[in-house]
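What follows is a set of notes on a single structure, which appears directly below.
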Amino acid sequence: MAKAIQLAVLKVLMIIIFAGWIAVWIQKPTNMWTRKWKGAEDSSRYTVFGYYGLNFAVYTFPLISLTIIGLVYLNLVSREPPRSRPARSATIGFSNPVLVNSFLGILSSIEILAVFLFVLFLAWTYYARISNDFKKLMPVKSLNLDLWQLRYLRVATRFGLLAEACLALLLLPILRGLALFQILGIQFEASVRYHIWLGTSMILFATIHGASTLFIWGVSHHIQDEMWRWQKTGRIYLAGEIALVTGLVIWISSLPQIRRRRFEIFYYTHHLYIVFLIFFLFHAGDRHFYSVFGGIFLFGLDKLLRIVQSRPETCVLSARIFLLPGKAIELTLPKDPRLKYTPTSVIYMKIPSVSKFQWHPFSITSSSNLDDDTMSVVVKCNGGWTSTFYDVIQAELDSDTGSMSCMPVSVEGPYGPASLDFLRHDSLLMIAGGAGITPFLSILKEIASVNSSRYRFPTQVQFIYVVKKSQDICLLNSVSSLLLNQSSTQLSLKLKVYVTQEERSDATVRGLVNDLSLVRTVNFSTECSNYAVHGPESPIWMAAMAALSSIKFIVSLICFNHIFLPHEKKSAVTEKILPSEKKAAKEKTPSSVVDLLLLASFIIALACNTFLASILRWKRLKKDIPPLSPKHGKATEHASVETRSPVEEHELHFGGRPDLQDIFSEFPNETGGSDIGVLVCGPVSMMESVASLCQLKSQGLNIGSRGKKTYFSFHSLNFTL
């Protein structure tokens, strides 16, 4: 009961903070807020914190505090005892697909509502600003503009504010350790599309802002004078132009045509975000930067803590190479026995022998309930990085050294859902296409491993697996014992395999699994590393780091401002100074100097916390984690032992795709469940087809075989390999 009260209090606090932050953004474009804010800044100028402390507290710290409270909330949730299957939530319909579109993807009602409110906010911000500008147009001293040119220049300027609003949220969806979206049950792989939407919108608004400004300069014959200016105070035009060009380069390299075919270009150019953010700071100034600084602050801290977490390197224990043209490899890595993760979790790996800089995500295919000391991932070698990795292992196999050398690897994660509520249904209908099977491997192992007295996972599962060639069925190798020996488990699993590009009639699932189970296992030496995968630190530890970083930042900023900038003391004389005289006195300090002090404070805060995190982690590793015993490995070739069962319950179909509508209609009658969880992972077209069927089913009455109303709960999974 006490923990339930604590969770409720934390939820209320998060709602209040988020609502207050949103209220600030809504009031920000109004004249009333502008007048009161200027008065508040003038009052704070004579305090220890200064106007910069006020800006940090109002615009930046709410997101940081929301993250801190959210991490404390997740820490309490992770310590909750296993629950029985919860009652069907009244809001579960809000997570089901409402709009399925090839361009926008699969959208739930909550996502549609959030997008609508954000667009409404952008429209309000633009209207409030531009209407005030048109009421009191002031000529630009350095430009001799006509009335239409002056109005169009204001229009261009206000588009920059829309880009700023998008930038304030841009980095939040791609946080991993400090993930705000995990509080809502949204994982990193699913929230990346919000980052894409926000980034595209930001670049669109910034391009309109920059191109329109250049156009006005051009028609007024001032472009040569204005575009190369690095002003001492105010907006620095050259910095804005550099930021815009950098943002365009990042966006162009992120297009699917480039990202999928030339991943290295996408990966390396994305690191230009540092250049973009620095020059945005110089262009917009520190006051505007505090509005977007919350996401930047959290992203910088998250990035550095993830780097610390991936140290020191571990090593690959073994690799199982499937001897088929598909080029698939199952890697086994050592892990700390206390490290627990949920199904569908993802790790990020960097293998220096393949690339010293690139990190790639992979879905974990093992269960921490079954494997205490190891974790496994499957690598489908069909890209540049993965093909190089395959060649490295083949080179080791072809060498005449007699033993396999050690293969060091840096691991970040695992990252996964905070709870297993997405599995707690009466029955499960799982649909996978091609390599999309990888998250389901961990789900099947998890369901089969748990004790039914502690967990209420479904015992009725139907698994639809669609592949192009029969050789792709080899990915079922790690769960072959579960598929072919169900008498030893309480799980009732029915597998239906559809091979779309082959025609056969005499094959069975059992026969194919046994025929395609020939693998070559490579055991690597572990002499290069004595450490296992320890995983990320606890949420409460991350919350403490976020709080310490914010304190160090504001303390550093106060010290720098008092040392390097002239500090005014409030007196009767200063109160009589006119606002114009105050502004002139303030502008003696170049704005770029103020920006550099903010940047230096940010770097110092991150550096101090990174140093502290490194020391704490190293001490913990030395104290708690036993070293791996070094061993030398050799390559062995073997096939899985054939198992027999009197009845072949699984189905194998050649030459066609599954009729999903028939499957959805028959499944409730076969299982008798009223609450069905539909999990899908695979090609986009397949996921959209399944989402459309769930959408249609949720709109009508679905009556099961026992007269019960049947609910279909849609869950889309993201696979990485």
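To be explicit about the labels: the chains of the structure tokens are called A, B, and onward in the order shown, and within each one the residues are counted from 1, while ligands get numbers from 1 in the order they are shown.
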Can you check which parts of segment 134-239 of chain A lie within 12 Å of segment 273-281 of chain A? Per residue, the shortest pair of atoms and distance in Å to one decimal, counting only C-alpha atoms, sorted by chain and number, as a tab-separated table.
residue	atom	partner	partner_atom	distance
A:Gly160	CA	A:Phe280	CA	10.9
A:Ala163	CA	A:Phe280	CA	11.0
A:Glu164	CA	A:Phe280	CA	9.6
A:Leu167	CA	A:Leu277	CA	9.7
A:Ala168	CA	A:Leu277	CA	11.6
A:Leu170	CA	A:Tyr273	CA	11.4
A:Leu171	CA	A:Tyr273	CA	10.6
A:Gly199	CA	A:Tyr273	CA	11.4
A:Ile203	CA	A:Phe276	CA	11.6
A:Ala206	CA	A:Phe280	CA	10.9
A:Trp230	CA	A:Phe279	CA	11.6
A:Gly234	CA	A:Leu281	CA	11.6
A:Arg235	CA	A:Leu281	CA	9.9
A:Ile236	CA	A:Phe279	CA	9.1
A:Tyr237	CA	A:Phe279	CA	10.0
A:Leu238	CA	A:Phe279	CA	8.8
A:Ala239	CA	A:Phe279	CA	5.0
Exercise for the section: Run DSSP on the backbone and give me the residues of segment 306-375 of chain A it puts in helix (DSSP H, G or I), as a PyMOL selection string. Expected result: chain A and resi 306-309
Practice task
Enumerate the residues of segment 331-514 of chain A with a DSSP assignment of strand (DSSP E or B), computed from the backbone, and present them as a ChimeraX atom specification.
Solution key: /A:331-335,346-350,360-364,374-380,404,408-415,427-433,460-467,492-499
Exercise for the section: Grab the atom CA of Met687 of chain A to atom CA of Ile443 of chain A distance for me, in Å with one decimal place. Expected result: 18.1 Å
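Nearest residue to Ser538 of chain A among A:Arg617, A:Leu429, A:His209, A:Leu717 is A:Arg617, counting only C-alpha atoms.
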Handout entry: Selection near segment 56-59 of chain A, 9 Å with only C-alpha atoms, sequence-local residues under 6 positions removed, as a ChimeraX atom specification
Key = /A:21,24-25,290-294,554
Would you mind exporting C-alpha atoms of the selected residues as an mmCIF file, in the first residue's frame?
data_model
loop_
_atom_site.group_PDB
_atom_site.id
_atom_site.type_symbol
_atom_site.label_atom_id
_atom_site.label_comp_id
_atom_site.auth_asym_id
_atom_site.auth_seq_id
_atom_site.Cartn_x
_atom_site.Cartn_y
_atom_site.Cartn_z
ATOM 1 C CA TRP A 21 6.230 23.567 -18.404
ATOM 2 C CA VAL A 24 5.028 28.446 -19.843
ATOM 3 C CA TRP A 25 5.409 27.648 -23.542
ATOM 4 C CA TYR A 290 17.675 27.972 -22.353
ATOM 5 C CA SER A 291 14.305 27.181 -23.941
ATOM 6 C CA VAL A 292 15.793 24.175 -25.769
ATOM 7 C CA PHE A 293 18.568 23.412 -23.272
ATOM 8 C CA GLY A 294 16.599 20.823 -21.275
ATOM 9 C CA ILE A 554 24.342 26.281 -12.291
#
